[in-house]
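upload_19.cif (mmCIF, C-alpha atoms)
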```
data_target
loop_
_atom_site.label_atom_id
_atom_site.label_comp_id
_atom_site.auth_asym_id
_atom_site.auth_seq_id
_atom_site.Cartn_x
_atom_site.Cartn_y
_atom_site.Cartn_z
CA MET A 29 0.00 0.00 0.00
CA PHE A 30 1.26 3.48 -0.88
CA LEU A 31 0.44 5.17 2.45
CA SER A 32 3.23 5.87 4.91
CA ARG A 33 2.49 6.63 8.54
CA ASP A 34 3.43 10.29 8.07
CA LEU A 35 1.15 10.65 5.06
CA ALA A 36 -1.69 8.82 6.82
CA MET A 37 -1.36 11.16 9.78
CA GLU A 38 -1.37 14.22 7.53
CA ILE A 39 -4.49 13.07 5.68
CA ALA A 40 -6.29 12.17 8.93
CA GLU A 41 -5.45 15.55 10.46
CA LYS A 42 -6.58 17.52 7.39
CA TYR A 43 -9.62 15.52 6.32
CA SER A 44 -10.42 13.12 9.23
CA THR A 45 -11.31 9.46 8.79
CA PRO A 46 -12.68 7.44 7.10
CA CYS A 47 -11.34 8.81 3.83
CA TYR A 48 -10.75 7.46 0.33
CA VAL A 49 -7.19 8.07 -0.81
CA TYR A 50 -6.30 7.76 -4.51
CA ASP A 51 -2.79 7.67 -5.96
CA GLU A 52 -2.39 9.63 -9.21
CA ALA A 53 0.81 7.83 -10.26
CA SER A 54 -0.96 4.46 -9.96
CA LEU A 55 -3.94 5.71 -11.99
CA GLU A 56 -1.63 6.87 -14.76
CA ARG A 57 0.31 3.60 -14.74
CA GLN A 58 -2.87 1.55 -15.19
CA ALA A 59 -4.17 3.89 -17.87
CA ARG A 60 -1.02 3.47 -19.94
CA ALA A 61 -1.23 -0.31 -19.58
CA ALA A 62 -4.82 -0.27 -20.87
CA LEU A 63 -3.91 2.02 -23.78
CA ALA A 64 -1.27 -0.53 -24.83
CA PHE A 65 -3.92 -3.25 -25.33
CA PRO A 66 -3.02 -5.22 -28.49
CA ASN A 67 -4.94 -4.11 -31.57
CA VAL A 68 -4.59 -4.14 -35.34
CA PHE A 69 -6.82 -1.42 -36.74
CA GLY A 70 -7.11 1.06 -33.88
CA LEU A 71 -8.20 1.06 -30.24
CA THR A 72 -10.49 3.12 -28.02
CA VAL A 73 -10.24 2.60 -24.27
CA ARG A 74 -13.32 3.67 -22.35
CA TYR A 75 -13.30 3.99 -18.57
CA ALA A 76 -16.33 2.27 -17.01
CA MET A 77 -17.11 5.26 -14.82
CA LYS A 78 -19.46 3.30 -12.57
CA ALA A 79 -16.27 2.01 -10.92
CA ALA A 80 -15.67 5.47 -9.38
CA SER A 81 -17.36 8.52 -10.80
CA ASN A 82 -15.46 11.43 -9.23
CA ALA A 83 -14.89 14.24 -11.74
CA ALA A 84 -11.18 14.40 -10.91
CA ILE A 85 -10.72 10.75 -11.87
CA LEU A 86 -12.66 11.23 -15.11
CA LYS A 87 -10.48 14.21 -16.00
CA ILE A 88 -7.23 12.36 -15.28
CA PHE A 89 -8.21 9.50 -17.58
CA ASN A 90 -9.57 11.85 -20.25
CA SER A 91 -6.28 13.80 -20.27
CA LEU A 92 -4.46 10.54 -21.02
CA GLY A 93 -6.70 9.71 -23.99
CA ILE A 94 -9.23 7.44 -22.31
CA GLN A 95 -12.91 8.00 -23.13
CA ILE A 96 -16.01 7.16 -21.07
CA ASP A 97 -18.38 4.21 -20.76
CA ALA A 98 -21.57 5.39 -19.03
CA SER A 99 -24.14 2.98 -17.59
CA SER A 100 -27.00 5.45 -17.22
CA SER A 101 -28.07 8.79 -18.65
CA HIS A 102 -27.22 10.23 -15.23
CA GLU A 103 -23.63 9.06 -15.61
CA ALA A 104 -23.47 10.51 -19.12
CA LYS A 105 -24.64 13.90 -17.85
CA ARG A 106 -22.27 13.69 -14.88
CA ALA A 107 -19.35 13.05 -17.23
CA MET A 108 -20.33 16.07 -19.31
CA ARG A 109 -20.50 18.21 -16.17
CA ALA A 110 -16.95 17.07 -15.45
CA GLY A 111 -15.89 18.47 -18.82
CA ILE A 112 -15.86 15.25 -20.87
CA PRO A 113 -16.86 15.96 -24.51
CA PRO A 114 -20.19 14.27 -25.35
CA GLU A 115 -18.63 12.55 -28.37
CA HIS A 116 -16.21 10.82 -25.99
CA ILE A 117 -19.08 9.17 -24.09
CA SER A 118 -20.71 5.84 -24.92
CA LEU A 119 -23.95 4.93 -23.12
CA SER A 120 -24.97 1.31 -22.47
CA SER A 121 -27.81 1.18 -19.96
CA GLN A 122 -30.21 -1.31 -18.44
CA GLN A 123 -32.89 1.40 -18.54
CA ALA A 124 -33.81 3.27 -21.70
CA PRO A 125 -33.08 6.96 -20.99
CA GLU A 126 -36.04 9.32 -21.14
CA ASN A 127 -33.80 12.05 -22.58
CA LEU A 128 -32.26 9.89 -25.29
CA ASP A 129 -33.00 12.38 -28.08
CA GLU A 130 -31.16 15.09 -26.15
CA LEU A 131 -28.10 12.89 -25.60
CA ILE A 132 -28.02 11.81 -29.26
CA ALA A 133 -28.20 15.44 -30.38
CA LEU A 134 -25.24 16.28 -28.16
CA GLY A 135 -23.17 13.51 -29.76
CA VAL A 136 -23.25 10.78 -27.09
CA LYS A 137 -22.83 7.34 -28.65
CA TYR A 138 -25.49 4.76 -27.78
CA ASN A 139 -25.61 0.98 -27.51
CA ALA A 140 -29.12 -0.46 -27.50
CA CYS A 141 -29.16 -3.19 -24.85
CA SER A 142 -32.57 -4.70 -25.59
CA LEU A 143 -35.00 -4.95 -28.48
CA PHE A 144 -37.19 -2.34 -26.76
CA GLN A 145 -34.22 0.03 -26.50
CA LEU A 146 -33.41 -0.44 -30.19
CA GLU A 147 -37.03 0.29 -31.12
CA ASN A 148 -36.98 3.34 -28.86
CA PHE A 149 -33.79 4.59 -30.52
CA GLY A 150 -35.34 4.11 -33.93
CA LYS A 151 -38.31 6.27 -32.95
CA CYS A 152 -36.00 8.97 -31.54
CA ALA A 153 -33.41 8.97 -34.32
CA PRO A 154 -34.54 7.19 -37.51
CA GLY A 155 -31.77 6.80 -40.04
CA GLU A 156 -28.98 7.29 -37.48
CA SER A 157 -26.06 5.05 -36.49
CA VAL A 158 -26.28 2.95 -33.34
CA GLY A 159 -24.57 0.12 -31.51
CA VAL A 160 -26.23 -3.01 -30.14
CA ARG A 161 -25.22 -5.01 -27.10
CA ILE A 162 -25.48 -8.75 -27.65
CA ASN A 163 -25.74 -11.42 -24.96
CA PRO A 164 -23.64 -14.14 -26.62
CA GLY A 165 -25.15 -16.94 -24.53
CA LEU A 166 -21.98 -17.30 -22.50
CA GLY A 167 -20.83 -15.45 -19.40
CA SER A 168 -18.15 -15.39 -16.75
CA GLY A 169 -17.52 -13.45 -13.58
CA GLY A 170 -15.76 -13.46 -10.25
CA THR A 171 -19.08 -14.57 -8.71
CA ASN A 172 -22.57 -15.27 -10.07
CA ARG A 173 -23.48 -11.73 -9.07
CA THR A 174 -20.88 -10.28 -11.44
CA ASN A 175 -21.65 -12.58 -14.37
CA VAL A 176 -23.55 -10.59 -17.02
CA GLY A 177 -23.68 -13.08 -19.88
CA GLY A 178 -25.63 -16.26 -20.57
CA PRO A 179 -29.27 -17.25 -20.04
CA ALA A 180 -29.39 -16.08 -16.40
CA SER A 181 -28.43 -12.52 -17.37
CA SER A 182 -30.79 -9.78 -18.57
CA PHE A 183 -27.95 -7.75 -20.11
CA GLY A 184 -28.02 -7.31 -23.88
CA ILE A 185 -30.08 -8.71 -26.74
CA TRP A 186 -30.18 -12.50 -26.60
CA HIS A 187 -28.05 -13.86 -29.46
CA GLU A 188 -30.93 -15.90 -30.89
CA TYR A 189 -32.86 -12.65 -31.45
CA ILE A 190 -30.33 -11.05 -33.79
CA ASP A 191 -32.74 -11.31 -36.74
CA LYS A 192 -35.33 -9.39 -34.71
CA ALA A 193 -32.75 -6.67 -34.11
CA LYS A 194 -32.03 -6.54 -37.84
CA ASP A 195 -35.75 -6.20 -38.58
CA ILE A 196 -36.05 -3.25 -36.18
CA ALA A 197 -32.98 -1.62 -37.75
CA LYS A 198 -34.50 -2.01 -41.21
CA LYS A 199 -37.84 -0.62 -40.01
CA TYR A 200 -36.20 2.65 -38.90
CA SER A 201 -33.36 2.71 -41.46
CA LEU A 202 -30.84 2.41 -38.64
CA LYS A 203 -27.18 1.76 -39.38
CA ILE A 204 -25.76 -0.67 -36.81
CA VAL A 205 -22.09 0.27 -36.63
CA ARG A 206 -20.99 -1.25 -33.30
CA ILE A 207 -21.35 -4.70 -31.75
CA HIS A 208 -20.95 -4.55 -28.00
CA THR A 209 -20.70 -7.35 -25.49
CA HIS A 210 -19.63 -7.67 -21.87
CA ILE A 211 -19.76 -11.02 -20.12
CA GLY A 212 -18.89 -10.11 -16.52
CA SER A 213 -16.51 -8.57 -14.02
CA GLY A 214 -13.56 -10.77 -13.12
CA SER A 215 -14.26 -12.98 -16.12
CA ASP A 216 -12.13 -15.93 -17.11
CA PRO A 217 -9.64 -14.81 -19.82
CA LEU A 218 -10.21 -17.98 -21.84
CA VAL A 219 -13.98 -17.44 -21.80
CA TRP A 220 -13.41 -13.78 -22.76
CA GLN A 221 -11.36 -14.85 -25.77
CA LYS A 222 -14.01 -17.39 -26.77
CA VAL A 223 -16.68 -14.67 -26.64
CA ALA A 224 -14.49 -12.45 -28.85
CA GLU A 225 -14.54 -15.20 -31.48
CA MET A 226 -18.32 -15.54 -31.13
CA SER A 227 -18.70 -11.77 -31.40
CA LEU A 228 -16.84 -11.74 -34.71
CA ASP A 229 -19.40 -14.24 -36.00
CA THR A 230 -22.08 -11.76 -34.93
CA VAL A 231 -20.26 -8.88 -36.66
CA GLU A 232 -20.38 -10.83 -39.91
CA ARG A 233 -24.18 -10.69 -39.79
CA PHE A 234 -24.15 -6.88 -39.71
CA PRO A 235 -22.45 -5.49 -42.84
CA ASP A 236 -22.20 -1.90 -41.53
CA VAL A 237 -20.42 -2.72 -38.27
CA GLU A 238 -17.09 -0.89 -37.94
CA ILE A 239 -16.43 -1.33 -34.22
CA LEU A 240 -16.18 -4.36 -31.95
CA ASP A 241 -16.54 -3.41 -28.28
CA MET A 242 -15.66 -6.23 -25.89
CA GLY A 243 -16.42 -4.39 -22.65
CA GLY A 244 -14.20 -5.03 -19.64
CA GLY A 245 -14.15 -7.55 -16.83
CA TYR A 246 -10.40 -8.02 -16.49
CA LYS A 247 -9.43 -9.72 -13.24
CA VAL A 248 -7.37 -7.73 -10.75
CA GLY A 249 -5.86 -9.40 -7.72
CA ARG A 250 -6.40 -7.38 -4.58
CA VAL A 251 -4.97 -9.88 -2.10
CA GLU A 252 -2.23 -12.50 -2.19
CA GLY A 253 -3.20 -15.52 -4.26
CA GLU A 254 -5.63 -13.66 -6.53
CA ILE A 255 -4.63 -13.50 -10.19
CA SER A 256 -4.43 -10.30 -12.24
CA THR A 257 -5.10 -10.29 -15.97
CA ASP A 258 -2.18 -9.69 -18.32
CA LEU A 259 -3.77 -7.51 -21.01
CA GLN A 260 -1.03 -8.29 -23.49
CA LYS A 261 -1.52 -12.01 -23.02
CA ILE A 262 -5.30 -11.97 -23.49
CA GLY A 263 -5.25 -9.24 -26.14
CA GLU A 264 -2.81 -10.75 -28.62
CA PRO A 265 -5.00 -13.76 -29.56
CA VAL A 266 -8.00 -11.46 -30.04
CA ALA A 267 -5.97 -9.07 -32.19
CA ALA A 268 -4.96 -12.07 -34.29
CA LEU A 269 -8.64 -13.01 -34.69
CA VAL A 270 -9.50 -9.47 -35.83
CA LYS A 271 -6.63 -9.57 -38.33
CA LYS A 272 -7.80 -12.91 -39.77
CA PHE A 273 -11.35 -11.55 -39.97
CA ALA A 274 -10.06 -8.62 -42.04
CA GLU A 275 -8.08 -10.89 -44.33
CA ARG A 276 -11.17 -13.01 -44.91
CA THR A 277 -13.82 -10.27 -45.22
CA GLY A 278 -11.89 -7.10 -46.04
CA ARG A 279 -13.42 -5.41 -42.95
CA LYS A 280 -10.92 -3.71 -40.63
CA LEU A 281 -12.61 -3.46 -37.25
CA HIS A 282 -11.78 -0.79 -34.72
CA PHE A 283 -11.52 -2.33 -31.25
CA GLU A 284 -12.92 -0.95 -27.98
CA ILE A 285 -12.53 -2.06 -24.37
CA GLU A 286 -14.22 -0.71 -21.24
CA PRO A 287 -12.11 -1.43 -18.15
CA GLY A 288 -13.14 -0.19 -14.73
CA THR A 289 -11.59 -2.46 -12.11
CA PHE A 290 -8.35 -2.80 -14.09
CA LEU A 291 -7.84 0.96 -14.16
CA LEU A 292 -8.69 1.64 -10.55
CA ALA A 293 -8.84 -1.31 -8.15
CA ASN A 294 -5.44 -1.04 -6.47
CA CYS A 295 -5.05 2.71 -6.96
CA ALA A 296 -6.90 3.68 -3.77
CA VAL A 297 -7.29 2.78 -0.12
CA VAL A 298 -9.73 3.68 2.61
CA LEU A 299 -7.91 5.28 5.51
CA SER A 300 -9.84 4.44 8.66
CA LYS A 301 -9.18 4.15 12.38
CA VAL A 302 -9.65 1.41 14.93
CA ALA A 303 -12.73 2.53 16.83
CA ASP A 304 -12.98 -0.41 19.24
CA VAL A 305 -11.59 -3.87 19.99
CA CYS A 306 -13.60 -6.71 21.55
CA ASP A 307 -13.90 -10.49 21.65
CA THR A 308 -16.44 -13.23 22.28
CA GLY A 309 -14.39 -15.36 24.61
CA PRO A 310 -11.80 -18.11 24.12
CA LEU A 311 -14.00 -20.11 21.75
CA GLY A 312 -15.20 -17.08 19.81
CA TYR A 313 -13.53 -14.35 17.78
CA LYS A 314 -11.45 -11.24 18.32
CA PHE A 315 -12.97 -8.24 16.56
CA ILE A 316 -11.53 -5.00 15.26
CA LYS A 317 -14.24 -2.37 14.87
CA THR A 318 -13.36 0.42 12.45
CA ASP A 319 -14.87 3.84 11.83
CA SER A 320 -15.55 2.68 8.24
CA GLY A 321 -17.35 -0.33 6.79
CA MET A 322 -20.13 -0.97 4.30
CA THR A 323 -20.77 2.77 4.17
CA ASP A 324 -17.45 2.97 2.29
CA ILE A 325 -16.80 -0.58 1.01
CA LEU A 326 -19.84 -2.75 0.30
CA ARG A 327 -18.08 -5.42 -1.79
CA PRO A 328 -17.17 -7.77 1.10
CA SER A 329 -20.76 -7.78 2.40
CA LEU A 330 -22.21 -8.13 -1.09
CA TYR A 331 -19.83 -10.59 -2.75
CA GLY A 332 -17.55 -11.93 -0.06
CA ALA A 333 -14.87 -9.89 -1.84
CA GLN A 334 -11.38 -9.83 -0.35
CA HIS A 335 -9.53 -6.59 0.40
CA PRO A 336 -6.04 -6.27 1.87
CA ILE A 337 -6.13 -4.82 5.39
CA ALA A 338 -3.26 -3.50 7.48
CA ILE A 339 -3.10 -2.05 10.97
CA LEU A 340 -0.74 0.92 11.14
CA PRO A 341 0.14 1.44 14.81
CA ARG A 342 0.69 4.86 16.25
CA GLU A 343 4.29 5.97 16.38
CA GLY A 344 6.23 4.13 19.08
CA CYS A 345 3.82 1.19 19.21
CA GLU A 346 5.34 -0.98 16.48
CA ASN A 347 6.65 -3.88 18.57
CA ARG A 348 3.42 -5.79 19.05
CA GLU A 349 2.51 -9.41 18.59
CA TYR A 350 0.23 -10.64 15.84
CA GLY A 351 -3.17 -12.24 16.23
CA GLU A 352 -6.19 -13.48 14.27
CA TYR A 353 -8.91 -10.84 13.97
CA VAL A 354 -12.25 -10.37 12.26
CA VAL A 355 -12.47 -6.81 10.97
CA CYS A 356 -15.93 -5.25 10.96
CA GLY A 357 -17.50 -1.92 10.20
CA HIS A 358 -19.34 0.67 12.24
CA CYS A 359 -22.87 -0.04 11.04
CA CYS A 360 -25.57 -1.62 13.17
CA GLU A 361 -25.71 -4.51 10.72
CA SER A 362 -24.35 -8.02 11.24
CA GLY A 363 -23.36 -8.16 7.58
CA ASP A 364 -20.97 -5.23 7.93
CA ILE A 365 -17.90 -7.46 7.82
CA LEU A 366 -14.69 -6.52 6.03
CA THR A 367 -13.10 -9.99 6.35
CA PRO A 368 -15.71 -12.47 5.10
CA ALA A 369 -14.74 -15.87 3.78
CA PRO A 370 -13.70 -15.68 0.10
CA ALA A 371 -16.79 -15.44 -2.13
CA ASP A 372 -18.95 -16.19 0.93
CA PRO A 373 -20.41 -13.09 2.60
CA GLU A 374 -22.04 -15.35 5.20
CA GLY A 375 -18.75 -16.73 6.50
CA LEU A 376 -16.05 -15.18 8.69
CA SER A 377 -12.37 -15.36 7.79
CA PRO A 378 -10.11 -13.89 10.48
CA ARG A 379 -6.93 -12.16 9.28
CA ARG A 380 -3.48 -12.29 10.83
CA LEU A 381 -2.87 -8.69 11.88
CA VAL A 382 -0.81 -6.67 14.30
CA ARG A 383 -2.57 -6.46 17.67
CA PRO A 384 -4.63 -3.28 17.36
CA GLU A 385 -5.18 -0.49 19.82
CA ILE A 386 -7.99 2.03 19.69
CA GLY A 387 -6.85 4.98 17.61
CA ASP A 388 -4.52 3.01 15.32
CA PHE A 389 -4.95 3.45 11.60
CA CYS A 390 -6.66 0.64 9.69
CA ILE A 391 -5.86 0.79 6.00
CA ILE A 392 -8.22 -1.07 3.64
CA GLY A 393 -6.68 -1.59 0.23
CA GLY A 394 -8.06 -2.37 -3.20
CA ALA A 395 -10.62 0.39 -2.67
CA GLY A 396 -10.40 2.18 -6.01
CA ALA A 397 -13.10 0.38 -7.99
CA TYR A 398 -16.73 -0.15 -6.93
CA CYS A 399 -16.21 1.30 -3.47
CA SER A 400 -16.95 5.05 -3.35
CA SER A 401 -19.51 4.66 -6.16
CA MET A 402 -21.18 1.54 -4.75
CA SER A 403 -21.08 2.21 -1.02
CA CYS A 404 -24.06 1.89 1.29
CA SER A 405 -24.22 5.66 1.67
CA ASN A 406 -25.95 7.19 4.70
CA TYR A 407 -26.90 3.92 6.35
CA ASN A 408 -27.19 4.71 10.08
CA SER A 409 -27.02 8.33 8.83
CA TYR A 410 -23.24 8.22 8.45
CA PRO A 411 -22.18 10.98 6.03
CA ALA A 412 -20.41 10.07 2.79
CA SER A 413 -16.63 10.09 3.20
CA PRO A 414 -14.26 12.54 1.52
CA GLU A 415 -11.97 11.61 -1.35
CA VAL A 416 -8.35 12.75 -1.53
CA LEU A 417 -5.86 12.46 -4.39
CA ILE A 418 -2.13 12.06 -3.85
CA ARG A 419 -0.65 14.02 -6.76
CA LYS A 420 2.43 12.77 -8.56
CA ASP A 421 4.49 15.45 -6.80
CA GLY A 422 3.38 14.11 -3.42
CA SER A 423 0.95 16.93 -2.63
CA LEU A 424 -2.61 16.27 -1.49
CA LYS A 425 -5.73 17.42 -3.31
CA LEU A 426 -9.22 17.15 -1.82
CA ILE A 427 -11.50 15.95 -4.64
CA ARG A 428 -14.68 15.45 -2.60
CA ARG A 429 -15.59 17.01 0.73
CA ARG A 430 -17.08 14.99 3.55
CA GLN A 431 -20.86 15.19 3.46
CA THR A 432 -22.27 17.20 6.35
CA PRO A 433 -24.97 15.82 8.68
CA GLU A 434 -27.31 18.49 7.32
CA GLN A 435 -26.72 17.31 3.74
CA VAL A 436 -27.70 13.75 4.68
CA SER A 437 -31.28 14.87 5.32
CA GLU A 438 -31.52 18.09 3.30
CA ASN A 439 -33.97 16.65 0.73
CA GLU A 440 -36.45 15.47 3.34
CA ILE A 441 -39.78 17.29 3.60
CA PRO A 442 -41.07 17.38 7.18
CA LEU A 443 -44.75 16.80 7.93
#
```

I need this file expressed as structure tokens, please.
Amino acid sequence: MFLSRDLAMEIAEKYSTPCYVYDEASLERQARAALAFPNVFGLTVRYAMKAASNAAILKIFNSLGIQIDASSSHEAKRAMRAGIPPEHISLSSQQAPENLDELIALGVKYNACSLFQLENFGKCAPGESVGVRINPGLGSGGTNRTNVGGPASSFGIWHEYIDKAKDIAKKYSLKIVRIHTHIGSGSDPLVWQKVAEMSLDTVERFPDVEILDMGGGYKVGRVEGEISTDLQKIGEPVAALVKKFAERTGRKLHFEIEPGTFLLANCAVVLSKVADVCDTGPLGYKFIKTDSGMTDILRPSLYGAQHPIAILPREGCENREYGEYVVCGHCCESGDILTPAPADPEGLSPRRLVRPEIGDFCIIGGAGAYCSSMSCSNYNSYPASPEVLIRKDGSLKLIRRRQTPEQVSENEIPL
């Protein structure tokens, strides 16, 4: 983890805890790795902004040449408010946006993710170009909850309904120029490559397609033993497939990917403090209670996801023994556990940690992706935590203030 004791103390003193801390150098390193994804006829990298939607992060990636993948019209508008050009935004949503005509007029690119959405686009913009998201009938993910392909997933147009999609396109004189697919987060690289091959078969059925968008889902190891995807290794076979497709058909496809976790996962931590320490006797567990939890990181409670955790003792308290501890959050909720069993949010998996004392720092790593944007905000009326960026020169930049108690309830209308 990139936080030293001195830096942790400085951040805690300036912004209090809990606090998200992002590292700009790490963000840039991951961005450059994604931009080097193997390709033959051009590449567009889109940041899946649902992973963390802060304007500062969007701007950093945009400055490096990475565009935006939005999952709702709200995200598309939020990206534009952050200064992202509309033509750099691609929208693929589970819900058809009510303001689709407005977004199209601004230049936002659109992928229809159901037959209804394609029909809706045709009514809004007959004769225009559009992308379609196809469910290839095969999926893969870190857990069943992150698998977004196959018959148990509602994402995309089922592959057996491609002819229906073509009929709708013909009805409204639509030009389908992009085939999009995404099979899951943390997907198996071999399955991902197989889906790329299947997607090229789909492309062949749409003569106007110029772009193949394979989404994201690249595995990132957050803790020891978890595997991270080598983009070069998985990208080279797909680039070879695209090249062979061009040699056979004469069609040179532009390639797109939409990483979220890959760009961000290990580029941030949650800086928290030990709020309490307790146990349930010699046959029970030892617990570390933090001033953070599912209000900042929901993934362990939701998926049984694993995050690295370290206790950073106060200065002069380093020489302590280690022990086995369950780390839990501050919510009045039995599921607010930061050390569940792997892929099992119901189980407990104690970690070997330095014996904590109240007031020590507790650093929760792997908190860049799907943490600030997917937290259980305001449960127990805890305010949303601030976000801080460590600049490449070592300086600190506050990129989101802590929510005030008044802001938690400001939209309520009393009787």

Neighbour residues at most 6 Å from (-13.1, 3.4, -31.3) (only C-alpha atoms) as a PyMOL selection string: chain A and resi 71-72+282-284

Residues selected by the PyMOL selection byres ((chain A and resi 56) around 12), written as number ranges by chain: A: 50-55, 57-63, 85-94, 290-292, 295, 419-420

Explicit residues for the PyMOL selection byres ((chain A and resi 70) around 12) (as a ChimeraX atom specification): /A:63-69,71-73,238-241,267,270-271,280-285

Chain and number of each residue from the PyMOL selection byres ((chain A and resi 434) around 12), as an NGL selection string: :A and (406 or 409-412 or 430-433 or 435-440)

Give me a file of those residues, with C-alpha atoms, as a PDB file, in the frame of the given file.
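What follows is the written file out-v6.pdb:
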```pdb
ATOM      1  CA  ASN A 406     -25.950   7.190   4.700  1.00  0.00           C
ATOM      2  CA  SER A 409     -27.020   8.330   8.830  1.00  0.00           C
ATOM      3  CA  TYR A 410     -23.240   8.220   8.450  1.00  0.00           C
ATOM      4  CA  PRO A 411     -22.180  10.980   6.030  1.00  0.00           C
ATOM      5  CA  ALA A 412     -20.410  10.070   2.790  1.00  0.00           C
ATOM      6  CA  ARG A 430     -17.080  14.990   3.550  1.00  0.00           C
ATOM      7  CA  GLN A 431     -20.860  15.190   3.460  1.00  0.00           C
ATOM      8  CA  THR A 432     -22.270  17.200   6.350  1.00  0.00           C
ATOM      9  CA  PRO A 433     -24.970  15.820   8.680  1.00  0.00           C
ATOM     10  CA  GLN A 435     -26.720  17.310   3.740  1.00  0.00           C
ATOM     11  CA  VAL A 436     -27.700  13.750   4.680  1.00  0.00           C
ATOM     12  CA  SER A 437     -31.280  14.870   5.320  1.00  0.00           C
ATOM     13  CA  GLU A 438     -31.520  18.090   3.300  1.00  0.00           C
ATOM     14  CA  ASN A 439     -33.970  16.650   0.730  1.00  0.00           C
ATOM     15  CA  GLU A 440     -36.450  15.470   3.340  1.00  0.00           C
TER      16      GLU A 440
END
```

Separation of atom CA of Leu134 of chain A from atom CA of Leu146 of chain A, in Å and rounded to one decimal: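 Atom CA of Leu146 of chain A lies 18.7 Å from atom CA of Leu134 of chain A.
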
Between atom CA of Tyr75 of chain A and atom CA of Phe144 of chain A - distance in Å to one decimal: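 Answer for the atom CA of Phe144 of chain A to atom CA of Tyr75 of chain A separation: 26.0 Å.
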
For Ser121 of chain A, the nearest of the candidates A:Gly375, A:Pro414, A:Gly184, A:Pro368, counting all atoms listed in the file: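 The answer is A:Gly184, which sits nearest to Ser121 of chain A.
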
Selected residue of minimal separation from Phe149 of chain A among A:Gln95, A:Thr308, A:Gln221, A:Ser201, counting only C-alpha atoms: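 Checking each of A:Gln95, A:Thr308, A:Gln221, A:Ser201 against Phe149 of chain A, counting only C-alpha atoms, the winner is A:Ser201.
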
From A:Leu326, A:Ser405, A:Asp229, A:Gln260, residue lying nearest Phe273 of chain A [only C-alpha atoms]: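 Using only C-alpha atoms, the shortest distance to Phe273 of chain A belongs to A:Asp229.
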
Distance in Å - atom CA of Asp388 of chain A versus atom CA of Pro341 of chain A: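 If I compute the distance from atom CA of Asp388 of chain A to atom CA of Pro341 of chain A, I get 4.9 Å.
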
Spatial neighbours of Asp324 of chain A, 8 Å, only C-alpha atoms, chain gap at least 3 places, as an NGL selection string: :A and (298 or 320-321 or 399-400 or 403-405 or 412-413)

Using all atoms listed in the file: which of A:Gly288, A:Pro370, A:Gly111, A:Gly135 has the shortest distance to Gly253 of chain A: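 Checking each of A:Gly288, A:Pro370, A:Gly111, A:Gly135 against Gly253 of chain A, counting all atoms listed in the file, the winner is A:Pro370.
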
Pick from A:Gly244, A:Gly249, A:Gly422, A:Gly396, whichever lies nearest to Asn82 of chain A using all atoms listed in the file: A:Gly396
